[in-house]
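These notes concern the structure reproduced below.
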Amino acid sequence: MDTKKTRLFIKVERNSLPQIADKYPFIYLERGRLEIDDSSVKWIDSEANLVRLPVATIHTVLLGPGTSITHEAVKVMTASNCTICWVGEDSLLFYAVGQCPTADTRNMQKQIQLASIPSKRLEVARKLFSFRFPEVDVSTKTLQQLMGMEGQRVRALYEEKANQYNVGWKGRSYVPGKFEMGDDTNKILTASNAALYGILTSAIISLGFSPHVGFVHSGSPLPFVYDLADLYKENLCVDLAFSLTYKMCGLYNRALVAETFRTRVIESDLLGNVSKDIKKILGLK
């Protein structure tokens, strides 16, 4: 199987990592062990291959399924200001993060500054909505007006996709902890949304921002993640859900959902666009 077509995070070499400023944003590892050898961090994979990691030049290490890490490795990575995240396969789920006490907080400071000043927060919110309403002048809209426009847009989008794929639709419905109670379309929406949130949380932390400081959403666990997710949901989640509902003919296929979602994420270059979009939205150089 060609892993480049089926994986979001593939095995990378140092010279192929995307670089931001003086650090590479992240590297994803799974099924192996991180430990120390002569004060350097080494990665031993499931086939006993050994790779020394330049943790001083990596902002974040994403640890996927089947990984273990020694206490000494955590100490060395902390000294190098390398953040550690524990994630699901391909970072489709985000579990926890260990951040360094001396990590660079410049991006987070800028984010908090913009969010704490009402006029600046509204300005950023308008930029977020301008991505979704390019034909509308949002410069004078209040946040309440923008959220009302978004609600109408999403409801219309659901109806449009239902008609396009000839799928019955009774509305968005999800009961936490009772995934199986939903119809196929709602199941796919729930699963793809969770996967999108996992990827965005990893990317936001890797870039030095906080997933907890939002501009449109508030009072929720990951408001900035939800702010950004709305930019990408139409293709990655909504269209995916209705198109697969039609294909599955009443038999929910988890593997097909995961595979199709991965393909769309790769084709849309989500990981490459997130950094650019955040900079545009927050007005960063």
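Labels used: A, B, ... for chains in the order of the structure tokens, numbers from 1 for residues in each chain, and numbers from 1 for ligands as shown.
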(Q) Run DSSP on the backbone and tell me which residues of segment 3-173 of chain A come out as helix (DSSP H, G or I); list them as a PyMOL selection string. (A) chain A and resi 3-6+14-16+55-57+71-79+89-91+106-116+118-132+143-164
Against segment 276-285 of chain A, which residues of segment 20-116 of chain A fall within 12 Å? For each one I want the closest pair of atoms and the distance in Å (one decimal), counting only C-alpha atoms, rows by chain and increasing residue number, as CSV.
```
residue,atom,partner,partner_atom,distance
A:Ile20,CA,A:Lys276,CA,11.0
A:Ala21,CA,A:Lys285,CA,11.2
A:Arg106,CA,A:Leu284,CA,11.1
A:Asn107,CA,A:Leu284,CA,8.9
A:Met108,CA,A:Leu282,CA,10.9
A:Gln109,CA,A:Leu282,CA,11.6
A:Lys110,CA,A:Leu282,CA,8.2
A:Gln111,CA,A:Leu282,CA,7.2
A:Ile112,CA,A:Leu282,CA,10.6
A:Gln113,CA,A:Leu282,CA,10.4
A:Leu114,CA,A:Leu282,CA,7.8
A:Ala115,CA,A:Leu282,CA,9.9
```
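Shortest separation to Ser91 of chain A among A:Glu160, A:Glu30, A:Asp227, A:Glu150 occurs at residue A:Glu30, atoms counted being only C-alpha atoms.
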Q. In Å, how far is it from atom CA of Met147 of chain A to atom CA of Val167 of chain A?
A.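 The value is 26.7 Å.
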Q | Best match for closeness to Arg262 of chain A among A:Lys187, A:Thr142, A:Asp90, A:Thr245, counting only C-alpha atoms | A | A:Asp90
Give me, as a tab-separated table, the closest atom pair and its distance (Å, one decimal) for every residue of segment 139-219 of chain A within a cut-off of 9 Å of segment 50-66 of chain A, counting only C-alpha atoms, rows sorted by chain and rising number.
```
residue	atom	partner	partner_atom	distance
A:Ser202	CA	A:Leu62	CA	7.7
A:Ile205	CA	A:Thr60	CA	7.9
A:Ser206	CA	A:Thr60	CA	5.4
A:Leu207	CA	A:His59	CA	7.7
A:Gly208	CA	A:His59	CA	8.3
```
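Comparing the minimum interatomic distances between Ala79 of chain A and each of A:Arg126, A:Ser40, A:Leu146, A:Ser119, counting only C-alpha atoms, we find that A:Ser40 sits nearest.
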Q | Pick from A:Ile36, A:Ala191, A:Ala162, A:Ala229 nearest to Phe131 of chain A, counting only C-alpha atoms | A | A:Ala229
Q: Compile the contact shell of Cys249 of chain A as a list of chain:residue names: residues with an atom at most 12 Å away, counting only C-alpha atoms, same-chain residues fewer than 6 positions apart removed.
A: A:Tyr165, A:Asn166, A:Val167, A:Gly168, A:Asp183, A:Asp184, A:Thr185, A:Phe242, A:Ser243
Q: Go ahead and compute the interatomic distance for atom CA of Val154 of chain A and atom CA of Val265 of chain A, in Å to one decimal.
A: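 Interatomic distance here is 20.4 Å.
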(Q) I want to know what sits within 9 Å of Gln99 of chain A, based on only C-alpha atoms, with residues of the same chain fewer than 6 positions away left out; could you give that as a count of residues only? (A) 6
(Q) So, with only C-alpha atoms as the atoms that count, which of A:Lys161, A:Arg121, A:His217, A:Arg31 lies closest to Ala241 of chain A? (A)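 Answer, going by the shortest atom-to-atom distance: A:Lys161.
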